[in-house]
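Heads up, data26.cif below (mmCIF, C-alpha atoms (C1' of nucleotides)):
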```
data_protein
loop_
_atom_site.label_atom_id
_atom_site.label_comp_id
_atom_site.auth_asym_id
_atom_site.auth_seq_id
_atom_site.Cartn_x
_atom_site.Cartn_y
_atom_site.Cartn_z
CA MET A 1 68.40 70.47 123.54
CA PRO A 2 66.69 73.83 124.09
CA GLU A 3 67.61 76.92 122.09
CA ARG A 4 70.27 78.87 123.90
CA ARG A 5 70.03 82.53 123.16
CA THR A 6 73.34 84.34 123.15
CA ARG A 7 73.28 87.55 125.06
CA ALA A 8 73.13 90.63 122.86
CA ASP A 9 76.21 92.23 124.37
CA ALA A 10 78.18 89.06 123.76
CA VAL A 11 77.25 89.12 120.07
CA SER A 12 78.22 92.74 119.63
CA ASN A 13 81.44 92.26 121.59
CA ARG A 14 82.55 89.49 119.29
CA ALA A 15 81.72 91.50 116.19
CA ARG A 16 83.52 94.53 117.53
CA ILE A 17 86.63 92.51 118.36
CA VAL A 18 86.85 91.20 114.81
CA GLN A 19 86.22 94.64 113.34
CA VAL A 20 88.88 96.25 115.50
CA ALA A 21 91.39 93.51 114.71
CA ARG A 22 90.81 94.06 111.00
CA GLU A 23 91.47 97.78 111.41
CA LEU A 24 94.60 97.25 113.47
CA LEU A 25 95.98 94.84 110.88
CA ALA A 26 95.29 97.33 108.11
CA SER A 27 97.73 99.76 109.67
CA SER A 28 100.34 97.73 111.45
CA SER A 29 100.73 94.00 110.62
CA GLU A 30 101.18 93.30 114.32
CA LEU A 31 98.23 92.36 116.48
CA PRO A 32 98.86 92.55 120.24
CA MET A 33 96.00 90.84 122.05
CA ASN A 34 95.95 93.51 124.75
CA ALA A 35 95.68 96.22 122.13
CA VAL A 36 92.74 94.45 120.52
CA ALA A 37 90.92 94.17 123.82
CA LYS A 38 91.54 97.80 124.67
CA ALA A 39 90.56 99.15 121.25
CA ALA A 40 87.43 96.99 121.27
CA GLY A 41 86.55 98.23 124.74
CA VAL A 42 86.38 94.79 126.32
CA GLY A 43 88.33 93.07 129.06
CA GLN A 44 91.13 90.70 128.11
CA GLY A 45 89.07 87.82 129.45
CA THR A 46 86.32 88.53 126.95
CA LEU A 47 88.77 88.55 124.11
CA TYR A 48 90.18 85.18 125.17
CA ARG A 49 86.71 83.74 125.69
CA ASN A 50 85.91 84.50 122.06
CA PHE A 51 89.28 83.67 120.55
CA ALA A 52 91.45 81.32 122.52
CA THR A 53 94.46 81.99 120.31
CA ARG A 54 95.61 84.77 118.05
CA GLU A 55 95.43 82.31 115.23
CA ALA A 56 91.71 81.83 115.84
CA LEU A 57 91.23 85.58 115.69
CA LEU A 58 93.23 85.89 112.47
CA ALA A 59 91.27 83.06 110.91
CA GLU A 60 88.02 84.89 111.65
CA VAL A 61 89.35 88.20 110.33
CA TYR A 62 90.39 86.69 107.02
CA ARG A 63 87.63 84.13 106.68
CA ALA A 64 85.84 85.87 103.82
CA ASP A 65 89.09 86.29 101.89
CA VAL A 66 90.09 82.70 102.37
CA ASP A 67 86.61 81.53 101.35
CA ARG A 68 86.85 83.53 98.15
CA LEU A 69 90.27 82.13 97.39
CA VAL A 70 89.09 78.58 98.00
CA ALA A 71 85.95 79.06 95.92
CA SER A 72 87.97 80.34 92.98
CA ALA A 73 89.67 76.96 92.47
CA PRO A 74 86.63 75.04 91.15
CA GLU A 75 85.55 78.11 89.21
CA LEU A 76 88.86 78.28 87.38
CA LEU A 77 88.77 74.54 86.74
CA ALA A 78 85.37 74.92 85.11
CA GLU A 79 86.67 77.46 82.61
CA HIS A 80 90.23 76.36 81.91
CA ASP A 81 92.39 73.29 81.54
CA ALA A 82 93.91 72.19 84.84
CA ALA A 83 97.41 73.56 84.27
CA THR A 84 96.06 76.99 83.33
CA ALA A 85 93.63 76.93 86.23
CA PHE A 86 96.47 76.13 88.60
CA ARG A 87 98.60 78.91 87.19
CA LEU A 88 95.78 81.44 87.51
CA TRP A 89 94.97 80.28 91.00
CA LEU A 90 98.58 80.83 92.07
CA ASP A 91 98.26 84.39 90.80
CA ASN A 92 95.14 84.78 92.93
CA VAL A 93 97.11 83.69 95.96
CA ALA A 94 99.83 86.21 95.18
CA ASP A 95 97.29 88.99 94.84
CA TYR A 96 95.79 88.19 98.21
CA ALA A 97 99.23 87.97 99.75
CA ARG A 98 100.18 91.37 98.42
CA VAL A 99 97.18 93.13 99.86
CA LYS A 100 96.99 91.32 103.14
CA ARG A 101 99.95 89.29 104.15
CA GLY A 102 97.76 88.05 106.97
CA VAL A 103 95.95 85.62 104.71
CA LEU A 104 99.19 83.73 104.41
CA ALA A 105 100.15 84.13 108.03
CA ALA A 106 96.75 82.76 109.00
CA LEU A 107 97.16 79.63 106.93
CA GLU A 108 100.67 79.01 108.20
CA GLY A 109 99.42 78.36 111.70
CA GLY A 110 100.11 74.68 111.39
CA GLU A 111 96.70 73.23 110.61
CA LEU A 112 98.82 71.40 108.09
CA ALA A 113 100.43 69.26 110.74
CA ALA A 114 97.15 68.70 112.55
CA GLY A 115 95.76 67.31 109.29
CA HIS A 116 92.34 68.73 110.00
CA HIS A 117 90.40 69.91 106.99
CA ASP A 118 92.42 72.87 105.78
CA PRO A 119 90.19 74.32 103.04
CA ILE A 120 93.13 75.85 101.18
CA ALA A 121 94.91 72.51 101.08
CA GLU A 122 91.71 71.00 99.70
CA ALA A 123 91.54 73.62 96.96
CA ILE A 124 95.12 72.86 96.01
CA ASP A 125 94.36 69.15 96.04
CA ARG A 126 91.56 69.62 93.54
CA LEU A 127 93.80 71.58 91.20
CA LEU A 128 96.61 69.05 91.46
CA ALA A 129 94.27 66.10 90.97
CA ALA A 130 92.84 67.69 87.84
CA GLY A 131 96.33 68.31 86.50
CA ARG A 132 97.33 64.73 87.24
CA ALA A 133 94.28 63.45 85.39
CA GLU A 134 95.17 65.68 82.45
CA GLY A 135 98.77 64.58 82.55
CA THR A 136 100.03 68.16 82.72
CA LEU A 137 101.05 68.38 86.38
CA ARG A 138 103.53 66.12 88.14
CA ALA A 139 101.98 63.20 89.97
CA ASP A 140 104.44 63.24 92.85
CA VAL A 141 103.40 66.60 94.24
CA GLY A 142 101.08 67.03 97.19
CA ALA A 143 99.20 70.02 98.54
CA SER A 144 101.60 70.21 101.45
CA ASP A 145 104.52 70.62 99.02
CA VAL A 146 102.75 73.49 97.32
CA LEU A 147 101.93 75.12 100.64
CA LEU A 148 105.58 74.93 101.65
CA LEU A 149 106.62 76.55 98.39
CA LEU A 150 104.01 79.30 98.71
CA GLY A 151 105.35 80.20 102.13
CA PHE A 152 107.74 82.67 100.52
CA LEU A 153 104.79 84.97 99.88
CA SER A 154 104.65 85.85 103.54
CA ARG A 155 108.11 87.43 103.41
CA PRO A 156 108.13 91.20 102.95
CA GLU A 157 110.81 91.07 100.21
CA ALA A 158 108.53 88.85 98.13
CA ALA A 159 106.34 91.72 96.96
CA ASP A 160 108.29 92.60 93.81
CA ARG A 161 109.29 89.11 92.78
CA ALA A 162 106.12 87.22 93.65
CA HIS A 163 104.83 86.60 90.14
CA HIS A 164 108.25 85.69 88.83
CA VAL A 165 108.94 83.23 91.64
CA LEU A 166 105.48 81.72 91.16
CA ASP A 167 106.43 81.17 87.56
CA LEU A 168 109.54 79.27 88.65
CA ILE A 169 107.41 77.14 90.96
CA PHE A 170 104.84 76.47 88.29
CA THR A 171 107.51 75.40 85.85
CA GLY A 172 108.84 72.94 88.38
CA LEU A 173 105.41 71.38 88.84
CA ARG A 174 104.58 70.96 85.17
CA VAL A 175 105.16 67.72 83.38
CA ARG A 176 108.02 68.34 80.96
CA MET B 1 146.75 104.26 116.07
CA PRO B 2 148.14 102.45 119.08
CA GLU B 3 147.33 98.81 119.78
CA ARG B 4 144.29 98.61 122.02
CA ARG B 5 144.42 95.57 124.21
CA THR B 6 141.04 94.09 125.00
CA ARG B 7 140.62 93.17 128.62
CA ALA B 8 140.91 89.47 129.28
CA ASP B 9 137.53 89.22 131.03
CA ALA B 10 135.86 90.89 128.05
CA VAL B 11 137.32 88.31 125.70
CA SER B 12 136.22 85.38 127.81
CA ASN B 13 132.78 86.89 128.35
CA ARG B 14 132.19 87.13 124.64
CA ALA B 15 133.35 83.58 124.04
CA ARG B 16 131.16 82.27 126.86
CA ILE B 17 128.11 84.09 125.51
CA VAL B 18 128.49 82.48 122.10
CA GLN B 19 129.13 79.06 123.62
CA VAL B 20 126.09 79.30 125.87
CA ALA B 21 123.90 80.50 123.01
CA ARG B 22 124.98 77.52 120.95
CA GLU B 23 124.04 75.16 123.75
CA LEU B 24 120.67 76.79 124.35
CA LEU B 25 119.85 76.57 120.65
CA ALA B 26 120.78 72.89 120.60
CA SER B 27 118.01 72.14 123.06
CA SER B 28 115.28 74.66 122.43
CA SER B 29 115.25 76.66 119.15
CA GLU B 30 114.32 79.75 121.15
CA LEU B 31 116.94 82.13 122.41
CA PRO B 32 115.77 84.63 125.05
CA MET B 33 118.42 87.28 125.50
CA ASN B 34 117.91 87.33 129.27
CA ALA B 35 118.40 83.58 129.41
CA VAL B 36 121.64 83.87 127.48
CA ALA B 37 122.97 86.52 129.84
CA LYS B 38 122.00 84.52 132.91
CA ALA B 39 123.41 81.23 131.63
CA ALA B 40 126.62 82.95 130.60
CA GLY B 41 126.91 84.58 134.00
CA VAL B 42 127.03 88.13 132.67
CA GLY B 43 124.80 91.14 133.06
CA GLN B 44 122.34 91.97 130.30
CA GLY B 45 124.33 95.07 129.49
CA THR B 46 127.39 93.00 128.69
CA LEU B 47 125.38 90.81 126.38
CA TYR B 48 124.05 93.84 124.52
CA ARG B 49 127.46 95.44 124.37
CA ASN B 50 128.76 92.40 122.52
CA PHE B 51 125.72 91.68 120.38
CA ALA B 52 123.42 94.59 119.76
CA THR B 53 120.75 92.36 118.24
CA ARG B 54 119.77 88.74 118.51
CA GLU B 55 120.53 88.46 114.84
CA ALA B 56 124.14 89.46 115.46
CA LEU B 57 124.41 86.76 118.09
CA LEU B 58 122.88 84.14 115.80
CA ALA B 59 125.22 85.13 112.99
CA GLU B 60 128.20 84.58 115.28
CA VAL B 61 126.88 81.24 116.54
CA TYR B 62 126.44 79.87 113.03
CA ARG B 63 129.38 81.57 111.38
CA ALA B 64 131.45 78.42 110.97
CA ASP B 65 128.50 76.54 109.47
CA VAL B 66 127.67 79.33 107.06
CA ASP B 67 131.33 79.60 106.05
CA ARG B 68 131.44 75.90 105.26
CA LEU B 69 128.27 76.12 103.25
CA VAL B 70 129.55 79.09 101.27
CA ALA B 71 132.92 77.45 100.67
CA SER B 72 131.28 74.33 99.28
CA ALA B 73 129.89 76.21 96.27
CA PRO B 74 133.19 76.78 94.42
CA GLU B 75 134.34 73.32 95.47
CA LEU B 76 131.34 71.70 93.86
CA LEU B 77 131.76 73.84 90.75
CA ALA B 78 135.31 72.63 90.41
CA GLU B 79 134.23 69.00 90.34
CA HIS B 80 130.89 69.03 88.54
CA ASP B 81 129.01 70.78 85.78
CA ALA B 82 127.10 73.79 87.03
CA ALA B 83 123.65 72.21 87.11
CA THR B 84 124.89 69.26 89.11
CA ALA B 85 126.87 71.53 91.41
CA PHE B 86 123.78 73.60 92.03
CA ARG B 87 121.69 70.53 92.75
CA LEU B 88 124.27 69.17 95.19
CA TRP B 89 124.65 72.51 96.86
CA LEU B 90 120.90 72.67 97.46
CA ASP B 91 121.18 69.31 99.18
CA ASN B 92 123.91 70.76 101.37
CA VAL B 93 121.61 73.57 102.38
CA ALA B 94 118.87 71.09 103.24
CA ASP B 95 121.25 69.07 105.38
CA TYR B 96 122.28 72.14 107.32
CA ALA B 97 118.70 73.18 107.71
CA ARG B 98 117.72 69.81 109.08
CA VAL B 99 120.38 69.78 111.76
CA LYS B 100 120.22 73.41 112.74
CA ARG B 101 117.29 75.38 111.53
CA GLY B 102 119.10 78.40 112.90
CA VAL B 103 121.38 78.59 109.88
CA LEU B 104 118.35 79.48 107.83
CA ALA B 105 116.85 81.72 110.45
CA ALA B 106 120.14 83.58 110.64
CA LEU B 107 120.26 84.25 106.93
CA GLU B 108 116.65 85.41 106.84
CA GLY B 109 117.43 88.41 108.98
CA GLY B 110 117.02 90.74 106.04
CA GLU B 111 120.59 91.37 104.97
CA LEU B 112 118.99 90.71 101.63
CA ALA B 113 117.14 94.00 101.65
CA ALA B 114 120.16 95.86 102.96
CA GLY B 115 122.06 94.60 99.95
CA HIS B 116 125.27 94.33 101.91
CA HIS B 117 127.52 91.47 100.99
CA ASP B 118 125.50 88.42 101.99
CA PRO B 119 128.00 85.59 101.49
CA ILE B 120 125.27 83.03 100.90
CA ALA B 121 123.75 85.16 98.17
CA GLU B 122 127.19 85.41 96.61
CA ALA B 123 127.60 81.64 96.65
CA ILE B 124 124.24 81.25 94.93
CA ASP B 125 125.21 83.89 92.41
CA ARG B 126 128.33 81.97 91.44
CA LEU B 127 126.33 78.79 90.93
CA LEU B 128 123.67 80.56 88.87
CA ALA B 129 126.23 82.39 86.77
CA ALA B 130 128.01 79.13 85.98
CA GLY B 131 124.71 77.53 85.00
CA ARG B 132 123.83 80.48 82.80
CA ALA B 133 127.19 80.22 81.07
CA GLU B 134 126.60 76.52 80.53
CA GLY B 135 123.09 77.14 79.29
CA THR B 136 121.60 74.70 81.80
CA LEU B 137 120.05 77.12 84.30
CA ARG B 138 117.49 79.79 83.52
CA ALA B 139 118.94 83.22 82.91
CA ASP B 140 116.07 85.11 84.53
CA VAL B 141 116.71 83.84 88.05
CA GLY B 142 118.54 85.78 90.72
CA ALA B 143 120.02 84.79 94.04
CA SER B 144 117.20 86.60 95.82
CA ASP B 145 114.66 84.39 94.05
CA VAL B 146 116.48 81.29 95.19
CA LEU B 147 116.70 82.58 98.74
CA LEU B 148 112.97 83.21 98.76
CA LEU B 149 112.32 79.69 97.54
CA LEU B 150 114.67 78.17 100.11
CA GLY B 151 112.79 79.90 102.89
CA PHE B 152 110.51 76.90 103.23
CA LEU B 153 113.38 75.02 104.86
CA SER B 154 112.93 77.05 108.01
CA ARG B 155 109.43 75.65 108.55
CA PRO B 156 109.25 72.70 110.92
CA GLU B 157 107.02 70.66 108.59
CA ALA B 158 109.68 70.85 105.91
CA ALA B 159 111.85 68.16 107.47
CA ASP B 160 110.32 65.15 105.68
CA ARG B 161 109.71 66.77 102.32
CA ALA B 162 112.83 68.91 102.03
CA HIS B 163 114.65 66.92 99.38
CA HIS B 164 111.53 66.39 97.33
CA VAL B 165 110.59 70.06 97.40
CA LEU B 166 114.16 70.99 96.48
CA ASP B 167 113.79 68.73 93.48
CA LEU B 168 110.68 70.64 92.41
CA ILE B 169 112.55 73.92 92.78
CA PHE B 170 115.55 72.62 90.84
CA THR B 171 113.32 71.46 88.02
CA GLY B 172 111.79 74.90 87.80
CA LEU B 173 115.20 76.52 87.49
CA ARG B 174 116.60 74.23 84.80
CA VAL B 175 116.45 75.18 81.19
CA ARG B 176 113.96 72.84 79.54
"C1'" DA C 1 136.96 99.96 129.78
"C1'" DC C 2 134.10 97.10 131.08
"C1'" DC C 3 130.74 95.17 134.09
"C1'" DT C 4 126.33 94.47 136.98
"C1'" DG C 5 121.62 94.25 137.75
"C1'" DA C 6 117.72 97.14 138.94
"C1'" DA C 7 114.30 99.26 136.34
"C1'" DC C 8 111.11 100.31 132.60
"C1'" DA C 9 108.05 99.14 128.98
"C1'" DC C 10 105.59 95.76 126.87
"C1'" DC C 11 103.06 91.50 125.99
"C1'" DG C 12 100.29 87.04 126.76
"C1'" DT C 13 97.32 84.76 129.75
"C1'" DT C 14 94.64 83.66 133.91
"C1'" DC C 15 91.21 84.18 137.33
"C1'" DA C 16 88.66 86.18 141.36
"C1'" DA C 17 85.15 89.23 141.67
"C1'" DG C 18 81.36 91.40 139.84
"C1'" DT C 19 76.55 92.03 137.08
"C1'" DA D 1 76.17 83.66 131.19
"C1'" DC D 2 79.08 86.88 130.47
"C1'" DC D 3 82.10 90.60 131.70
"C1'" DT D 4 86.03 93.36 133.91
"C1'" DG D 5 90.58 94.36 134.98
"C1'" DA D 6 94.09 93.39 138.43
"C1'" DA D 7 97.70 90.27 138.62
"C1'" DC D 8 101.36 87.10 137.25
"C1'" DA D 9 104.99 85.54 134.35
"C1'" DC D 10 107.94 86.60 130.89
"C1'" DC D 11 110.80 89.17 127.65
"C1'" DG D 12 113.70 93.02 125.45
"C1'" DT D 13 116.32 96.92 126.36
"C1'" DT D 14 118.44 100.80 128.86
"C1'" DC D 15 121.28 103.05 132.11
"C1'" DA D 16 123.05 104.63 136.71
"C1'" DA D 17 126.29 102.90 139.62
"C1'" DG D 18 130.15 100.31 140.42
"C1'" DT D 19 135.30 98.22 139.68
#
```
Mind turning this structure into structure tokens?
Amino acid sequence: MPERRTRADAVSNRARIVQVARELLASSSELPMNAVAKAAGVGQGTLYRNFATREALLAEVYRADVDRLVASAPELLAEHDAATAFRLWLDNVADYARVKRGVLAALEGGELAAGHHDPIAEAIDRLLAAGRAEGTLRADVGASDVLLLLGFLSRPEAADRAHHVLDLIFTGLRVR
Amino acid sequence: MPERRTRADAVSNRARIVQVARELLASSSELPMNAVAKAAGVGQGTLYRNFATREALLAEVYRADVDRLVASAPELLAEHDAATAFRLWLDNVADYARVKRGVLAALEGGELAAGHHDPIAEAIDRLLAAGRAEGTLRADVGASDVLLLLGFLSRPEAADRAHHVLDLIFTGLRVR
DNA sequence: ACCTGAACACCGTTCAAGT
DNA sequence: ACCTGAACACCGTTCAAGT
């Protein structure tokens, strides 16, 4: 298998697409594929070659944010008991959701159903497993349940009430 | 103000539009306005004259279902303590959501933000107020919080887990 | 009063033709 | 190997012309 060098213009095209998408999302929350291609100065075909679906493009745009969110789960577990770590992690999710609703939209694509390795689901699994071991979080709750509950964060009206509603959720997941 | 008779064709057009929309939703979950007009045998202008937005059309399609759901709240309160009534009512919502996801989609339109009299929010308010009076439901929960939490029912993956997730929500809303 | 349907604007996606 | 952009299919919405 010989090294296959990617053409320089292809590399810069891809980078520019992602950059432009990020900028468009900062100002509008919609992301028309044609608009991305035009603003990036590439043909539509090039856009689709790089990102076959809008979801793929969103995932790339928010990859760093999602990585940070996922990485914070084990960090919190190292410093706190599991229930506290879970509570703090939920606040992290809310903070991300407030700034960029896209983080949530990106993870709602349905990778859930596909069952492929959704890193956010894995982070939740770790937190839940730790809480189960501690006896502080309910044993009959799965990551997919939590993801369903967190879906409310993607609604625009959620902004004000997010932390309060997260508190309700957390209370429901605790062992009484 | 003299009686203004509506033309007979206008009446039947409106009825046929709603009927056709109901049928399309039964088989596809999408509802293209052009498709509704075509299937109903009317021009697009007629469709828009009757229903200025898709939301208005959906509201009309599901009006009977929503009415039933709303009416069940006081009925349940008459027969059960407030916490039980609330729990049973949540199950009613889940049952509706399973059969026709549109009921949920219709109520998510954003009447919430507008603050106009959303009958579902009123039904929830009655249940919460009764639970507060009884001391069995948390006092710091509003109908808008519950609506946000119920939003998960509109997701396709919710079907299997709906009752379980509702149980988690209910637990979070109970006074411990 | 009410209706029709052509027309406009917009979007996603594909693919023949180019370099 | 990669790119361009015309082209196709689709949708929402409006409005001039009809009855």
Please report as a CSV table (one decimal) with C-alpha atoms, in the frame of the given file which residues of chain B come no farther than 8 Å from chain D, using all atoms listed in the file.
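In the end it all went to selection23.csv:
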```csv
chain,number,residue,atom,x,y,z
B,32,PRO,CA,115.8,84.6,125.0
B,33,MET,CA,118.4,87.3,125.5
B,34,ASN,CA,117.9,87.3,129.3
```
* To do: Please evaluate the PyMOL selection byres ((chain A) within 12 of (chain B)) against the structure above and give the resulting residues as number ranges by chain.
  => A: 108-115, 137-176
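The gap separating atom CA of A:Ala35 from atom CA of A:Arg98 is 24.6 Å, in Å to one decimal.
Compared by their closest atoms to B:Arg68, and using only C-alpha atoms, the residues B:Ala130, B:Pro119, B:Ala21, B:Ala40 rank with B:Pro119 nearest.
With atom CA of A:Leu127 on one side and atom CA of A:Val66 on the other, the separation reads 16.2 Å.
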